[in-house]
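Participant: Quick one: the structure is below, and I'll ask about it shortly.
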Amino acid sequence: MMDHAHGYGLISRLFHWVMALLIVWQATSAILHYLVDDTAITDFFFGYHFSNGVLILILAVLRGVWGLINLSRRPAHDGGLQRLAALGHVAMYALLIAVPVIAIIRAYGSTRDFSALGVQIFSGMDNEIEWMTNLGNQWHGFVGWILFALIAGHIVMAFVHTYAWKQPLIARMTKGDERI
Ligand code: HEM
C-alpha cells in the first residue's frame, strides 16, 4: 500500500495511472478544440472536458495529500538532475490544481450555469464578474498547454532513464519496485 525507497505502493500507482488516462482524454479534447472546433468528434471529447477537469482536480488534491503522507518513504531525489525532476513533479501537481481552478473561477464569474459530474455546482451570475472571466480567458488555455508540455517532458525522461541510461525508473510506477 505505502511507497518505499525502491518504488511506489498500490495507491500511488492507482492515482498515477488513472490520472494519466484522464489527462490523455483532457489533452485530446483540448487539441481537438484548438484544431477542429465545431465538429462531432470535438463535441464528443470536449463534452466531458468540464467533468473530467473537475475529476482531475479532485484526484490531484487527494494525490497531493497522499504524496505528503508518503514523502519520507519515497525514492530519494538527490543530486542535480534528480532535484530538477522533483521540481518538475511539484510543478505538475501545482498546475494540475491551478489549471482547473482558473477555469472554475471563470465559470463562477460567468452568466451561465455550471455543471460537472452530473451535478449543477453553481448557477450563472446576473452580471458577469469581469476579472474572473478575464483570468480564465487569458490564462486557462495557456497554462493548460504548459502543463501538457511538462507532462510530455516527464514521459520522455522516464523512457530516457529506463532505456538509454538503464535506470529502470518506469518499474517503480508499474511493478512498484525497480529491483524486480
Ligand atoms: C486539468 C484540467 C484541465 C486542463 C489540463 C485543461 C486544458 C485546456 C486547454 C489546453 C484548453 C485550450 C484549448 C484551445 O486552445 O482551444 C482548454 C480550453 C477550455 N477549457 Fe480546460 N482544462 C482543464 C479543466 C477545465 C475545467 C475544469 C473547465 C471548466 C470549468 C474547463 C473549461 C474550458 C473551456 C470553457 C475551454 C475553452 C476556452 C478556452 O480556451 O479557455 N477546463 N482547456
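By order of appearance in the C-alpha cells: chains A, B, ..., then residues from 1 within every chain, and ligands from 1 in the order shown.
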At a cut-off of 10 Å, using only C-alpha atoms, what residues contact Asp177 of chain A? Leave out same-chain residues fewer than 4 positions from it and give the result as JSON, numbers by chain.
Facilitator: {"A": [3, 4, 5, 6, 7, 8, 9, 168, 169, 170, 171, 172, 173]}
Participant: Using only C-alpha atoms and all ligand atoms, find each protein or nucleic acid residue lying at most 7 Å from ligand 1; present the set as a PyMOL selection string.
Facilitator: chain A and resi 23+26-27+30-31+33-34+49-54+56-57+96-97+99-101+103-104+107+136-137+140-142+144-145+147-148
Participant: With C-alpha atoms retained, write the just-selected residues as a PDB file, in the first residue's frame.
Facilitator:
ATOM      1  CA  ILE A  23      -5.133  13.590 -18.788  1.00  0.00           C
ATOM      2  CA  GLN A  26      -8.233  16.118 -21.452  1.00  0.00           C
ATOM      3  CA  ALA A  27      -5.352  16.680 -23.883  1.00  0.00           C
ATOM      4  CA  ALA A  30      -8.086  20.469 -25.836  1.00  0.00           C
ATOM      5  CA  ILE A  31      -6.217  19.627 -29.076  1.00  0.00           C
ATOM      6  CA  HIS A  33     -10.974  22.193 -29.535  1.00  0.00           C
ATOM      7  CA  TYR A  34      -7.938  24.101 -30.762  1.00  0.00           C
ATOM      8  CA  HIS A  49     -13.899  18.489 -20.608  1.00  0.00           C
ATOM      9  CA  PHE A  50     -15.554  20.182 -17.579  1.00  0.00           C
ATOM     10  CA  SER A  51     -16.399  16.981 -15.675  1.00  0.00           C
ATOM     11  CA  ASN A  52     -13.067  15.380 -16.499  1.00  0.00           C
ATOM     12  CA  GLY A  53     -11.252  18.567 -15.422  1.00  0.00           C
ATOM     13  CA  VAL A  54     -13.097  18.691 -12.097  1.00  0.00           C
ATOM     14  CA  ILE A  56      -8.599  15.652 -12.295  1.00  0.00           C
ATOM     15  CA  LEU A  57      -8.670  18.499  -9.748  1.00  0.00           C
ATOM     16  CA  LEU A  96      -2.954  20.103 -12.166  1.00  0.00           C
ATOM     17  CA  ILE A  97      -4.629  22.186  -9.473  1.00  0.00           C
ATOM     18  CA  VAL A  99      -5.464  24.957 -14.475  1.00  0.00           C
ATOM     19  CA  PRO A 100      -8.924  23.622 -13.464  1.00  0.00           C
ATOM     20  CA  VAL A 101      -9.236  26.148 -10.598  1.00  0.00           C
ATOM     21  CA  ALA A 103     -11.418  27.559 -15.316  1.00  0.00           C
ATOM     22  CA  ILE A 104     -13.808  27.123 -12.374  1.00  0.00           C
ATOM     23  CA  ALA A 107     -17.236  29.637 -14.839  1.00  0.00           C
ATOM     24  CA  GLY A 136      -9.826  32.314 -17.337  1.00  0.00           C
ATOM     25  CA  ASN A 137      -9.826  33.686 -20.874  1.00  0.00           C
ATOM     26  CA  HIS A 140      -6.636  28.716 -18.634  1.00  0.00           C
ATOM     27  CA  GLY A 141      -5.649  27.537 -22.117  1.00  0.00           C
ATOM     28  CA  PHE A 142      -2.117  28.972 -21.924  1.00  0.00           C
ATOM     29  CA  GLY A 144      -3.023  24.160 -19.730  1.00  0.00           C
ATOM     30  CA  TRP A 145      -0.624  23.876 -22.725  1.00  0.00           C
ATOM     31  CA  LEU A 147       1.047  21.572 -18.212  1.00  0.00           C
ATOM     32  CA  PHE A 148       0.776  19.250 -21.240  1.00  0.00           C
TER      33      PHE A 148
END
Participant: Run DSSP on the backbone and tell me which residues of chain A come out as strand (DSSP E); list them as a ChimeraX atom specification.
Facilitator: /A:114-116,119-122
Participant: Between atom CA of Tyr48 of chain A and atom CA of Thr133 of chain A, what is the spacing in Å?
Facilitator: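 Interatomic distance here is 20.6 Å.
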Participant: Please list as an MDAnalysis selection string every residue within 8 Å of Met92 of chain A, counting only C-alpha atoms and excluding residues in the same chain fewer than 3 positions away.
Facilitator: chainID A and resid 88:89 95:96 147 150:151
Participant: Pick from A:Arg74, A:His16, A:Arg106, A:His161: nearest to Ala86 of chain A, with only C-alpha atoms counted?
Facilitator: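 Checking each candidate against Ala86 of chain A, we get A:Arg74 as the closest.
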Participant: With 7 Å as the cut-off and only C-alpha atoms counted, what is the closest atom pair between each nearby residue of segment 14-112 of chain A and segment 121-125 of chain A? Distances in Å to one decimal, ordered by chain and number, as JSON lines.
Facilitator:
{"residue": "A:Tyr108", "atom": "CA", "partner": "A:Phe122", "partner_atom": "CA", "distance": 7.0}
{"residue": "A:Gly109", "atom": "CA", "partner": "A:Met125", "partner_atom": "CA", "distance": 6.5}
{"residue": "A:Ser110", "atom": "CA", "partner": "A:Met125", "partner_atom": "CA", "distance": 5.9}
{"residue": "A:Thr111", "atom": "CA", "partner": "A:Gly124", "partner_atom": "CA", "distance": 4.1}
{"residue": "A:Arg112", "atom": "CA", "partner": "A:Gly124", "partner_atom": "CA", "distance": 4.1}
Participant: Grab the residues selected above and save them as an mmCIF file, in the first residue's frame with N, CA and C atoms.
Facilitator:
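File written: selection-v5.cif
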data_model
loop_
_atom_site.group_PDB
_atom_site.id
_atom_site.type_symbol
_atom_site.label_atom_id
_atom_site.label_comp_id
_atom_site.auth_asym_id
_atom_site.auth_seq_id
_atom_site.Cartn_x
_atom_site.Cartn_y
_atom_site.Cartn_z
ATOM 1 N N TYR A 108 -17.519 30.462 -12.560
ATOM 2 C CA TYR A 108 -18.261 31.068 -11.441
ATOM 3 C C TYR A 108 -18.636 32.514 -11.779
ATOM 4 N N GLY A 109 -17.721 33.235 -12.416
ATOM 5 C CA GLY A 109 -17.963 34.649 -12.720
ATOM 6 C C GLY A 109 -18.797 34.878 -13.961
ATOM 7 N N SER A 110 -19.200 33.794 -14.646
ATOM 8 C CA SER A 110 -19.930 33.978 -15.911
ATOM 9 C C SER A 110 -21.440 33.960 -15.670
ATOM 10 N N THR A 111 -22.182 34.238 -16.720
ATOM 11 C CA THR A 111 -23.650 34.305 -16.586
ATOM 12 C C THR A 111 -24.303 32.940 -16.848
ATOM 13 N N ARG A 112 -23.472 31.927 -17.107
ATOM 14 C CA ARG A 112 -24.040 30.598 -17.390
ATOM 15 C C ARG A 112 -24.003 29.677 -16.177
#
Participant: In Å, rounded to a single decimal, give me how far atom CA of Trp25 of chain A is from atom CA of Arg83 of chain A.
Facilitator: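 Here the two named atoms are 29.4 Å from each other.
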Participant: Go through A:Val119, A:Ala85, A:Ser12, A:Ser29 and flag the residue nearest Trp66 of chain A, using only C-alpha atoms for the distances.
Facilitator: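 Ranked by minimum distance to Trp66 of chain A, first place goes to A:Ser12.
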